[in-house]
Amino acid sequence: MALSIDMDLVAELILSTSSLKDPPAEPATESTVAAQSAAEQSALARLLDCLASELDQQVLGASLRRELHYRALCSPAGALLRQMAKAGSKAWALWRVVQHMRANLQQTRDMSRLAKSAAMSESAFYSAFKRQLGASPLQYLKQMRLQRARQLMALQGFGVAQAAFAVGYASASQFSREYRQWFGHPPSEAAQWL
């Protein structure tokens, strides 16, 4: 499961709680992936439970998302979230690039344009992206495309070729190859694995 980070909510939490402004005693590196605490797991389980009822979603959804953001800020990854919320930081610039990539999956990527939009040289952009996100920009884009295509096939009934083209692949056969490499099964079995 993935939960999109709402940077406006992160900024609101930081501003409303003075102790969240301070870095943790042992700041996390950019590539830190924090193990979930019991509190984070509990909040996530409650959020998943409320998805079963539209009324629960309306009443509890926003507060549970707020709690998950707060728990993430208190975790070892909180330092990175604070950097991302600070306009002008490298983390913030990369977050904006990722948001743009996610919103425009079907477009081909010109990495020099993405680097320029992050106000970095191409080599600095590549290095910062890989350090903070654990993959090169193109690898990350491929992962996002494959995940989205999997959702389209499993949840919205898209065919393999239709999903491939919807996320920006020019060739259904290339998509099928990369899908199988990433997920370990052909795209025609997507619904079985969600």
# chains A, B, ... in the order shown; residues from 1 in each chain; ligands from 1
>>> closest_atom_pairs(of="stretch 88-113 of chain A", to="stretch 150-173 of chain A", cutoff="12 Å", atoms="only C-alpha atoms", output="Markdown table")
| residue | atom | partner | partner_atom | distance |
| --- | --- | --- | --- | --- |
| A:Met101 | CA | A:Val167 | CA | 10.9 |
| A:Arg102 | CA | A:Val167 | CA | 9.8 |
| A:Ala103 | CA | A:Val167 | CA | 10.3 |
| A:Asn104 | CA | A:Val167 | CA | 8.4 |
| A:Leu105 | CA | A:Val167 | CA | 5.3 |
| A:Gln106 | CA | A:Gly168 | CA | 3.4 |
| A:Gln107 | CA | A:Gly168 | CA | 5.9 |
| A:Thr108 | CA | A:Gly168 | CA | 7.0 |
| A:Arg109 | CA | A:Gly168 | CA | 9.9 |
>>> residues_around(residues="A:Ala39", least_positions_apart="6", cutoff="10 Å", atoms="only C-alpha atoms", output="PyMOL selection string")
chain A and resi 45+67-68+71
>>> write_last_selection(atoms="N, CA and C atoms", output="mmCIF file, in the first residue's frame")
data_model
loop_
_atom_site.group_PDB
_atom_site.id
_atom_site.type_symbol
_atom_site.label_atom_id
_atom_site.label_comp_id
_atom_site.auth_asym_id
_atom_site.auth_seq_id
_atom_site.Cartn_x
_atom_site.Cartn_y
_atom_site.Cartn_z
ATOM 1 N N ALA A 45 -3.658 0.504 9.937
ATOM 2 C CA ALA A 45 -4.704 -0.526 9.995
ATOM 3 C C ALA A 45 -6.082 0.125 10.155
ATOM 4 N N GLU A 67 -3.015 11.761 11.235
ATOM 5 C CA GLU A 67 -2.238 11.000 12.210
ATOM 6 C C GLU A 67 -1.055 10.292 11.548
ATOM 7 N N LEU A 68 -1.272 9.697 10.384
ATOM 8 C CA LEU A 68 -0.170 9.018 9.687
ATOM 9 C C LEU A 68 0.937 10.000 9.304
ATOM 10 N N ARG A 71 2.811 10.754 12.514
ATOM 11 C CA ARG A 71 3.667 9.612 12.892
ATOM 12 C C ARG A 71 4.910 9.561 11.998
#
>>> closest_residue(among="A:Leu64, A:Leu138, A:Gln41, A:Ile5", to="A:Leu114", atoms="only C-alpha atoms")
A:Leu138
>>> atom_distance(atom1="atom CA of A:Gln147", atom2="atom CA of A:Ser89")
27.8 Å
>>> decode(residues="stretch 53-106 of chain A", atoms="C-alpha atoms", output="PDB file, in the first residue's frame")
ATOM      1  CA  SER A  53     -17.378   2.210   4.745  1.00  0.00           C
ATOM      2  CA  GLU A  54     -18.062   5.434   2.880  1.00  0.00           C
ATOM      3  CA  LEU A  55     -19.372   7.036   6.073  1.00  0.00           C
ATOM      4  CA  ASP A  56     -16.220   6.006   7.977  1.00  0.00           C
ATOM      5  CA  GLN A  57     -14.130   7.517   5.187  1.00  0.00           C
ATOM      6  CA  GLN A  58     -16.005  10.806   5.435  1.00  0.00           C
ATOM      7  CA  VAL A  59     -15.844  10.984   9.227  1.00  0.00           C
ATOM      8  CA  LEU A  60     -12.471   9.386  10.022  1.00  0.00           C
ATOM      9  CA  GLY A  61     -10.414   9.466   6.828  1.00  0.00           C
ATOM     10  CA  ALA A  62      -8.949  12.968   7.163  1.00  0.00           C
ATOM     11  CA  SER A  63      -8.019  12.529  10.824  1.00  0.00           C
ATOM     12  CA  LEU A  64      -6.350   9.174  10.162  1.00  0.00           C
ATOM     13  CA  ARG A  65      -4.354  10.641   7.239  1.00  0.00           C
ATOM     14  CA  ARG A  66      -3.337  13.494   9.561  1.00  0.00           C
ATOM     15  CA  GLU A  67      -2.238  11.000  12.210  1.00  0.00           C
ATOM     16  CA  LEU A  68      -0.170   9.018   9.687  1.00  0.00           C
ATOM     17  CA  HIS A  69       1.574  12.202   8.546  1.00  0.00           C
ATOM     18  CA  TYR A  70       2.286  13.107  12.178  1.00  0.00           C
ATOM     19  CA  ARG A  71       3.667   9.612  12.892  1.00  0.00           C
ATOM     20  CA  ALA A  72       5.886   9.849   9.804  1.00  0.00           C
ATOM     21  CA  LEU A  73       7.218  13.228  10.974  1.00  0.00           C
ATOM     22  CA  CYS A  74       8.097  11.668  14.341  1.00  0.00           C
ATOM     23  CA  SER A  75       9.880   8.721  12.704  1.00  0.00           C
ATOM     24  CA  PRO A  76      13.508   8.610  11.491  1.00  0.00           C
ATOM     25  CA  ALA A  77      12.207   9.658   8.056  1.00  0.00           C
ATOM     26  CA  GLY A  78      10.794  12.841   9.607  1.00  0.00           C
ATOM     27  CA  ALA A  79      13.989  14.775   8.903  1.00  0.00           C
ATOM     28  CA  LEU A  80      13.574  14.126   5.181  1.00  0.00           C
ATOM     29  CA  LEU A  81       9.899  15.160   5.326  1.00  0.00           C
ATOM     30  CA  ARG A  82      10.910  18.405   7.045  1.00  0.00           C
ATOM     31  CA  GLN A  83      13.468  19.043   4.275  1.00  0.00           C
ATOM     32  CA  MET A  84      10.826  18.327   1.642  1.00  0.00           C
ATOM     33  CA  ALA A  85       8.448  20.821   3.270  1.00  0.00           C
ATOM     34  CA  LYS A  86      11.099  23.547   3.182  1.00  0.00           C
ATOM     35  CA  ALA A  87      10.703  25.411  -0.094  1.00  0.00           C
ATOM     36  CA  GLY A  88      13.965  25.786  -1.946  1.00  0.00           C
ATOM     37  CA  SER A  89      15.647  22.673  -0.537  1.00  0.00           C
ATOM     38  CA  LYS A  90      16.897  19.893  -2.811  1.00  0.00           C
ATOM     39  CA  ALA A  91      14.409  17.479  -1.257  1.00  0.00           C
ATOM     40  CA  TRP A  92      11.568  19.914  -1.988  1.00  0.00           C
ATOM     41  CA  ALA A  93      12.727  20.348  -5.594  1.00  0.00           C
ATOM     42  CA  LEU A  94      12.924  16.579  -6.085  1.00  0.00           C
ATOM     43  CA  TRP A  95       9.506  16.078  -4.508  1.00  0.00           C
ATOM     44  CA  ARG A  96       8.046  18.559  -7.015  1.00  0.00           C
ATOM     45  CA  VAL A  97       9.744  16.699  -9.895  1.00  0.00           C
ATOM     46  CA  VAL A  98       8.321  13.377  -8.678  1.00  0.00           C
ATOM     47  CA  GLN A  99       4.841  14.909  -8.373  1.00  0.00           C
ATOM     48  CA  HIS A 100       5.161  16.192 -11.951  1.00  0.00           C
ATOM     49  CA  MET A 101       6.346  12.778 -13.160  1.00  0.00           C
ATOM     50  CA  ARG A 102       3.456  11.036 -11.385  1.00  0.00           C
ATOM     51  CA  ALA A 103       0.883  13.429 -12.848  1.00  0.00           C
ATOM     52  CA  ASN A 104       2.300  13.020 -16.377  1.00  0.00           C
ATOM     53  CA  LEU A 105       3.289   9.350 -16.591  1.00  0.00           C
ATOM     54  CA  GLN A 106       2.452   9.045 -20.272  1.00  0.00           C
TER      55      GLN A 106
END
